[in-house]
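Novice: One structure, as structure tokens, below. Some questions next.
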Amino acid sequence: MTAKVIDGKAFAAEVRAKVAAHVTRLKEENGITPGLAVVLVGEDPASQVYVRSKGKQTVEVGMNSYEHKLDADTSEADLLALIDRLNKDATVHGILVQLPLPKHLDSDLVINAIDPAKDVDGFHISNVGLLGTGQKSMVPCTPLGCLMMLRDHHGSLAGMDAVVLGRSNIVGKPMAQLLLGDSCTVTIAHSRTKDLADVCRRADIVVAAVGRPEMVPGDWIKPGATVIDVGINRIERDGKTVLVGDVDYASAAAVAGAITPVPGGVGPMTIACLLANTLTACCRANGLAEPEGLTA
Ligand code: NDP
């Protein structure tokens with residue numbers, strides 16, 4: 001079997017187009033423009049690239065983008081004061097603090113200072129709790145993007161066996177909650193899991209989020225299964241730096257029914273879902289109907 005390639009780049013473009021159309025309606029019918037504030041502390045080069053990209057795409061879908069760049073030695077008190085101002089600012093519907101923060105800042109404290117209704121990353125402890133109890137919440141962007149692709153490919157996920165490789169708070173755990181919410185039978189695997197290969201081979205859906213280049217070979221995949229590769233790993237190959245996922249793409253694609261490539265799979269969906277979450281937050285804040293198909 002040769003797997004169908006799930007084109008995350010094209011799907012992300014569709015999500016952005018839906019968001020843009022909804023934003024246009026919000027402006028015309030309600031006089032509201034959704035706004036996303038992104039806070040970057042310090043000069044981490046990768047974070048700077050992400051923040052630029054987020055700002056650009058925010059403006060492209062018609063939303064307001066507010067970038068707050070703070071010095072690396074910004075005090076916790078100053079950062080919390082900024083978050084407080086953004087929480088109170090009615091033109092800001094989404095707040096994202098780019099992680100990782102410099103070491104002297106307590107990330108949990110900072111994230112939990114964001115108004116949960118504006119927490120478009122879905123990392124606030126209230127949103128974690130709401131998701132865990134199956135209530136309406138802001139859902140972390142990367143797992144939300146994975147869920148959208150799975151629903152688009154399969155329709156209903158009910159009754160499917162899903163394995164999530166990785167138990168991080170930003171990917172693995174919320175991914176497992178979302179799959180459970182869609183009535184999958186979910187196994188969460190991690191570095192202490194016994195016989196990972198066997199666990200994977202039972203799965204109709206494998207979501208790999210381990211951060212280990214090409215760790216999952218094709219012979220761990222059940223024929224016809226759907227493979228979602230969250231991993232983004234930079235490796236040297238043939239004298240060049242290349243991006244690879246956590247799945248060995250060539251061997252897995254020969255067995256799977258569908259697979260996301262790296263790059264061009266989960267990655268582009270993450271920012272698209274950030275925009276979708278900002279729109280959702282704006283609609284909720286104004287008591288308006290939420291966009292269809294853009295939330296969990
Ligand atoms: P973390 O490092 O926080 O978590 C990795 C998880 O993988 C841990 O639970 C760890 O287990 C598990 N793990 C590590 N090694 C193994 C192993 N050999 N066997 C089984 N499990 C293992 O990573 P993240 O969740 O933050 O990210 C995972 C990957 O996804 C990374 O490549 C990251 O770059 C990528 N990513 C991509 C995004 C995107 O937009 N596409 C967004 C976010 C992340 P244990 O808990 O036991 O240590």
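Following the order of the structure tokens, chains are lettered A, B, ..., residues in each are numbered from 1, and ligands are numbered from 1.
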Which residues come within 7 Å of range 118-128 of chain A, counting only C-alpha atoms, excluding same-chain residues fewer than 3 positions away, as a ChimeraX atom specification?

Specialist: /A:93-96,111-112,114-115,131-132,137-141,274,277-278,281

Novice: Please give the complete set of residues from range 166-243 of chain A that DSSP, run on the backbone, assigns to helix (DSSP H, G or I), formatted as an NGL selection string.

Specialist: :A and (172-181 or 196-201 or 218-220)

Novice: Name each residue within 6 Å of ligand 1, counting only C-alpha atoms and all ligand atoms, as a list in words.

Specialist: Thr142, Leu165, Gly166, Arg167, Ser168, Ile170, Val171, Gly172, His190, Ser191, Arg192, Ala209, Val210, Gly211, Val230, Gly231, Ile232, Asn233, Val266, Gly267 and Thr270 of chain A

Novice: Under the rule that only C-alpha atoms are counted, which of A:Trp220, A:Gln98, A:Lys18, A:Ala258 is the nearest residue to Asp195 in chain A?

Specialist: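 Smallest distance to Asp195 in chain A is found for A:Trp220.
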
Novice: Pick out the closest residue to Lys69 in chain A from this set: A:Val38, A:Leu279, A:Ile83, A:Leu101. Count only C-alpha atoms.

Specialist: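 Nearest candidate to Lys69 in chain A out of A:Val38, A:Leu279, A:Ile83, A:Leu101: A:Val38.
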